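*Asks:* One file: target_3.cif (mmCIF, N, CA and C atoms).
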```cif
data_coords
loop_
_atom_site.group_PDB
_atom_site.id
_atom_site.type_symbol
_atom_site.label_atom_id
_atom_site.label_comp_id
_atom_site.auth_asym_id
_atom_site.auth_seq_id
_atom_site.Cartn_x
_atom_site.Cartn_y
_atom_site.Cartn_z
ATOM 1 N N MET D 1 13.457 0.835 10.913
ATOM 2 C CA MET D 1 12.635 0.653 9.739
ATOM 3 C C MET D 1 11.187 0.993 10.114
ATOM 4 N N LYS D 2 10.555 1.808 9.305
ATOM 5 C CA LYS D 2 9.150 2.148 9.505
ATOM 6 C C LYS D 2 8.298 1.220 8.658
ATOM 7 N N LEU D 3 7.144 0.837 9.183
ATOM 8 C CA LEU D 3 6.212 -0.013 8.451
ATOM 9 C C LEU D 3 4.884 0.702 8.282
ATOM 10 N N VAL D 4 4.239 0.453 7.150
ATOM 11 C CA VAL D 4 2.919 1.009 6.856
ATOM 12 C C VAL D 4 1.916 -0.130 6.949
ATOM 13 N N LYS D 5 0.823 0.100 7.676
ATOM 14 C CA LYS D 5 -0.215 -0.915 7.822
ATOM 15 C C LYS D 5 -1.116 -0.909 6.585
ATOM 16 N N ILE D 6 -1.220 -2.070 5.929
ATOM 17 C CA ILE D 6 -2.082 -2.218 4.768
ATOM 18 C C ILE D 6 -3.454 -2.722 5.212
ATOM 19 N N ASP D 7 -3.463 -3.769 6.011
ATOM 20 C CA ASP D 7 -4.686 -4.296 6.603
ATOM 21 C C ASP D 7 -4.317 -4.936 7.933
ATOM 22 N N ASP D 8 -5.224 -5.692 8.530
ATOM 23 C CA ASP D 8 -4.972 -6.262 9.852
ATOM 24 C C ASP D 8 -3.795 -7.230 9.887
ATOM 25 N N TYR D 9 -3.423 -7.787 8.752
ATOM 26 C CA TYR D 9 -2.373 -8.806 8.715
ATOM 27 C C TYR D 9 -1.157 -8.423 7.885
ATOM 28 N N THR D 10 -1.188 -7.283 7.209
ATOM 29 C CA THR D 10 -0.126 -6.929 6.272
ATOM 30 C C THR D 10 0.486 -5.577 6.613
ATOM 31 N N TYR D 11 1.790 -5.572 6.798
ATOM 32 C CA TYR D 11 2.574 -4.361 7.004
ATOM 33 C C TYR D 11 3.716 -4.380 5.995
ATOM 34 N N VAL D 12 4.057 -3.238 5.403
ATOM 35 C CA VAL D 12 5.169 -3.180 4.452
ATOM 36 C C VAL D 12 6.069 -1.994 4.772
ATOM 37 N N ASN D 13 7.321 -2.130 4.398
ATOM 38 C CA ASN D 13 8.275 -1.044 4.494
ATOM 39 C C ASN D 13 8.017 -0.121 3.302
ATOM 40 N N PRO D 14 7.742 1.169 3.520
ATOM 41 C CA PRO D 14 7.442 2.062 2.401
ATOM 42 C C PRO D 14 8.575 2.166 1.389
ATOM 43 N N GLU D 15 9.800 1.902 1.801
ATOM 44 C CA GLU D 15 10.929 1.955 0.879
ATOM 45 C C GLU D 15 10.912 0.793 -0.106
ATOM 46 N N SER D 16 10.156 -0.277 0.197
ATOM 47 C CA SER D 16 10.107 -1.428 -0.695
ATOM 48 C C SER D 16 8.946 -1.350 -1.686
ATOM 49 N N ILE D 17 8.137 -0.284 -1.609
ATOM 50 C CA ILE D 17 7.017 -0.124 -2.541
ATOM 51 C C ILE D 17 7.552 0.381 -3.870
ATOM 52 N N GLY D 18 7.308 -0.405 -4.923
ATOM 53 C CA GLY D 18 7.781 -0.025 -6.253
ATOM 54 C C GLY D 18 6.752 0.771 -7.028
ATOM 55 N N ALA D 19 5.465 0.425 -6.861
ATOM 56 C CA ALA D 19 4.406 1.119 -7.591
ATOM 57 C C ALA D 19 3.085 0.942 -6.861
ATOM 58 N N ILE D 20 2.225 1.935 -7.004
ATOM 59 C CA ILE D 20 0.870 1.877 -6.467
ATOM 60 C C ILE D 20 -0.074 2.189 -7.607
ATOM 61 N N GLU D 21 -1.031 1.300 -7.825
ATOM 62 C CA GLU D 21 -1.990 1.457 -8.913
ATOM 63 C C GLU D 21 -3.388 1.562 -8.311
ATOM 64 N N ASP D 22 -4.053 2.668 -8.560
ATOM 65 C CA ASP D 22 -5.399 2.889 -8.046
ATOM 66 C C ASP D 22 -6.395 2.508 -9.133
ATOM 67 N N GLY D 23 -7.075 1.388 -8.941
ATOM 68 C CA GLY D 23 -8.038 0.922 -9.931
ATOM 69 C C GLY D 23 -9.460 1.169 -9.488
ATOM 70 N N SER D 24 -10.402 0.807 -10.325
ATOM 71 C CA SER D 24 -11.809 1.040 -9.997
ATOM 72 C C SER D 24 -12.330 0.064 -8.945
ATOM 73 N N PHE D 25 -11.641 -1.059 -8.731
ATOM 74 C CA PHE D 25 -12.093 -2.054 -7.754
ATOM 75 C C PHE D 25 -11.214 -2.112 -6.521
ATOM 76 N N GLY D 26 -10.245 -1.235 -6.388
ATOM 77 C CA GLY D 26 -9.359 -1.227 -5.233
ATOM 78 C C GLY D 26 -7.977 -0.742 -5.620
ATOM 79 N N THR D 27 -7.025 -0.979 -4.739
ATOM 80 C CA THR D 27 -5.667 -0.512 -4.919
ATOM 81 C C THR D 27 -4.721 -1.698 -5.002
ATOM 82 N N ASN D 28 -3.798 -1.674 -5.951
ATOM 83 C CA ASN D 28 -2.758 -2.687 -6.070
ATOM 84 C C ASN D 28 -1.436 -2.052 -5.676
ATOM 85 N N ILE D 29 -0.723 -2.713 -4.766
ATOM 86 C CA ILE D 29 0.577 -2.238 -4.311
ATOM 87 C C ILE D 29 1.613 -3.252 -4.766
ATOM 88 N N TYR D 30 2.570 -2.797 -5.577
ATOM 89 C CA TYR D 30 3.622 -3.672 -6.088
ATOM 90 C C TYR D 30 4.905 -3.398 -5.312
ATOM 91 N N LEU D 31 5.484 -4.440 -4.742
ATOM 92 C CA LEU D 31 6.752 -4.299 -4.045
ATOM 93 C C LEU D 31 7.889 -4.418 -5.049
ATOM 94 N N THR D 32 8.996 -3.765 -4.767
ATOM 95 C CA THR D 32 10.152 -3.806 -5.640
ATOM 96 C C THR D 32 10.599 -5.250 -5.831
ATOM 97 N N GLY D 33 10.770 -5.657 -7.078
ATOM 98 C CA GLY D 33 11.225 -7.001 -7.387
ATOM 99 C C GLY D 33 10.129 -8.042 -7.452
ATOM 100 N N SER D 34 8.874 -7.634 -7.304
ATOM 101 C CA SER D 34 7.756 -8.572 -7.343
ATOM 102 C C SER D 34 6.771 -8.157 -8.422
ATOM 103 N N ASP D 35 6.230 -9.140 -9.133
ATOM 104 C CA ASP D 35 5.224 -8.814 -10.144
ATOM 105 C C ASP D 35 3.816 -9.152 -9.672
ATOM 106 N N LYS D 36 3.684 -9.676 -8.438
ATOM 107 C CA LYS D 36 2.376 -9.987 -7.866
ATOM 108 C C LYS D 36 1.989 -8.867 -6.888
ATOM 109 N N PRO D 37 0.850 -8.206 -7.111
ATOM 110 C CA PRO D 37 0.484 -7.085 -6.254
ATOM 111 C C PRO D 37 -0.153 -7.529 -4.941
ATOM 112 N N ILE D 38 -0.096 -6.640 -3.972
ATOM 113 C CA ILE D 38 -0.915 -6.758 -2.770
ATOM 114 C C ILE D 38 -2.199 -6.020 -3.105
ATOM 115 N N GLU D 39 -3.322 -6.727 -3.077
ATOM 116 C CA GLU D 39 -4.603 -6.113 -3.432
ATOM 117 C C GLU D 39 -5.321 -5.679 -2.161
ATOM 118 N N THR D 40 -5.824 -4.457 -2.171
ATOM 119 C CA THR D 40 -6.506 -3.924 -0.998
ATOM 120 C C THR D 40 -7.569 -2.919 -1.429
ATOM 121 N N SER D 41 -8.500 -2.679 -0.542
ATOM 122 C CA SER D 41 -9.515 -1.658 -0.807
ATOM 123 C C SER D 41 -9.188 -0.363 -0.059
ATOM 124 N N ALA D 42 -7.940 -0.240 0.427
ATOM 125 C CA ALA D 42 -7.515 0.939 1.183
ATOM 126 C C ALA D 42 -7.416 2.165 0.288
ATOM 127 N N GLU D 43 -7.637 3.330 0.882
ATOM 128 C CA GLU D 43 -7.482 4.595 0.168
ATOM 129 C C GLU D 43 -6.002 4.958 0.092
ATOM 130 N N ILE D 44 -5.633 5.723 -0.919
ATOM 131 C CA ILE D 44 -4.256 6.189 -1.067
ATOM 132 C C ILE D 44 -4.181 7.627 -0.591
ATOM 133 N N LYS D 45 -3.199 7.916 0.240
ATOM 134 C CA LYS D 45 -2.945 9.281 0.697
ATOM 135 C C LYS D 45 -1.514 9.626 0.311
ATOM 136 N N LYS D 46 -1.278 10.862 -0.105
ATOM 137 C CA LYS D 46 0.062 11.288 -0.502
ATOM 138 C C LYS D 46 0.533 12.393 0.430
ATOM 139 N N TYR D 47 1.733 12.201 0.988
ATOM 140 C CA TYR D 47 2.362 13.190 1.843
ATOM 141 C C TYR D 47 3.706 13.525 1.233
ATOM 142 N N SER D 48 3.854 14.696 0.668
ATOM 143 C CA SER D 48 5.032 15.154 -0.081
ATOM 144 C C SER D 48 5.415 14.089 -1.101
ATOM 145 N N THR D 49 6.596 13.483 -1.001
ATOM 146 C CA THR D 49 7.003 12.484 -1.981
ATOM 147 C C THR D 49 6.806 11.064 -1.484
ATOM 148 N N LEU D 50 6.322 10.891 -0.270
ATOM 149 C CA LEU D 50 6.120 9.563 0.303
ATOM 150 C C LEU D 50 4.653 9.187 0.184
ATOM 151 N N PHE D 51 4.370 8.033 -0.394
ATOM 152 C CA PHE D 51 3.008 7.538 -0.477
ATOM 153 C C PHE D 51 2.760 6.647 0.725
ATOM 154 N N ALA D 52 1.634 6.829 1.356
ATOM 155 C CA ALA D 52 1.242 5.978 2.467
ATOM 156 C C ALA D 52 -0.157 5.464 2.186
ATOM 157 N N VAL D 53 -0.436 4.304 2.659
ATOM 158 C CA VAL D 53 -1.744 3.706 2.455
ATOM 159 C C VAL D 53 -2.481 3.781 3.780
ATOM 160 N N ALA D 54 -3.659 4.356 3.744
ATOM 161 C CA ALA D 54 -4.472 4.483 4.940
ATOM 162 C C ALA D 54 -5.656 3.532 4.833
ATOM 163 N N ARG D 55 -5.909 2.838 5.877
ATOM 164 C CA ARG D 55 -7.005 1.873 5.878
ATOM 165 C C ARG D 55 -8.335 2.605 5.779
ATOM 166 N N SER D 56 -9.198 2.113 4.907
ATOM 167 C CA SER D 56 -10.513 2.722 4.724
ATOM 168 C C SER D 56 -11.363 2.526 5.969
ATOM 169 N N THR D 57 -12.156 3.519 6.265
ATOM 170 C CA THR D 57 -13.065 3.392 7.416
ATOM 171 C C THR D 57 -14.485 3.523 6.959
#
```
What's the structure tokens form of this structure?
*Replies:*
Amino acid sequence: MKLVKIDDYTYVNPESIGAIEDGSFGTNIYLTGSDKPIETSAEIKKYSTLFAVARST
């Protein structure tokens, strides 16, 4: 299983990501089966059909 680093304490399996919403105040990542987002200020990067979240620098 591959994990994507969201921040220093949060890692998620990219296969469990249901939706990514890019808002004006940050990014919300919704996991499949959950209605509560993971809120982050990370940038969104897209590689072919796989979305990955890269930590902002």
*Asks:* Can you list, as a list in words, every protein, DNA or RNA residue that comes within 9 Å of Gly33 in chain D when you count only C-alpha atoms, leaving out same-chain residues fewer than 2 positions away?
*Replies:*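 The residues that qualify are Ser16, Gly18, Tyr30, Leu31 and Asp35 of chain D.
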*Asks:* Taking every listed atom of range 11-29 of chain D and adding 3 Å to each side, what centre and edge lengths in Å (one decimal) does the axis-aligned box have, as lines of an AutoDock Vina configuration file?
*Replies:*
```
center_x = -0.7
center_y = -1.3
center_z = -1.7
size_x = 29.3
size_y = 14.5
size_z = 23.3
```
*Asks:* Expressed in Å to a single decimal, how great is the separation between CA of Ser34 in chain D and atom C of Ile20 in chain D?
*Replies:*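 Rounded to one decimal, the two atoms are 13.3 Å apart.
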*Asks:* Using only C-alpha atoms, which of D:Tyr11, D:Lys36, D:Ile6, D:Ser41 sits nearest Ser24 in chain D?
*Replies:* D:Ser41
*Asks:* Identify, on the basis of only N, CA and C atoms, every residue whose closest approach to Pro14 in chain D does not exceed 7 Å; exclude the query and any residue fewer than 3 positions from it along the same chain; express the result as a ChimeraX atom specification.
*Replies:* /D:2-4,17-18,51
*Asks:* Please provide the set of residues having any atom within 10 Å of Glu21 in chain D, restricted to only C-alpha atoms, with same-chain residues fewer than 6 positions apart removed, written as an MDAnalysis selection string.
*Replies:* chainID D and resid 27:30 37 39 44
*Asks:* One decimal, in Å: what's the spacing between atom C of Ala42 in chain D and atom C of Phe25 in chain D?
*Replies:*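 According to the coordinates, atom C of Ala42 in chain D and atom C of Phe25 in chain D are separated by 8.9 Å.
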*Asks:* Report, in Å with one decimal, the straight-line distance from CA of Met1 in chain D to atom C of Gly23 in chain D.
*Replies:* 29.3 Å
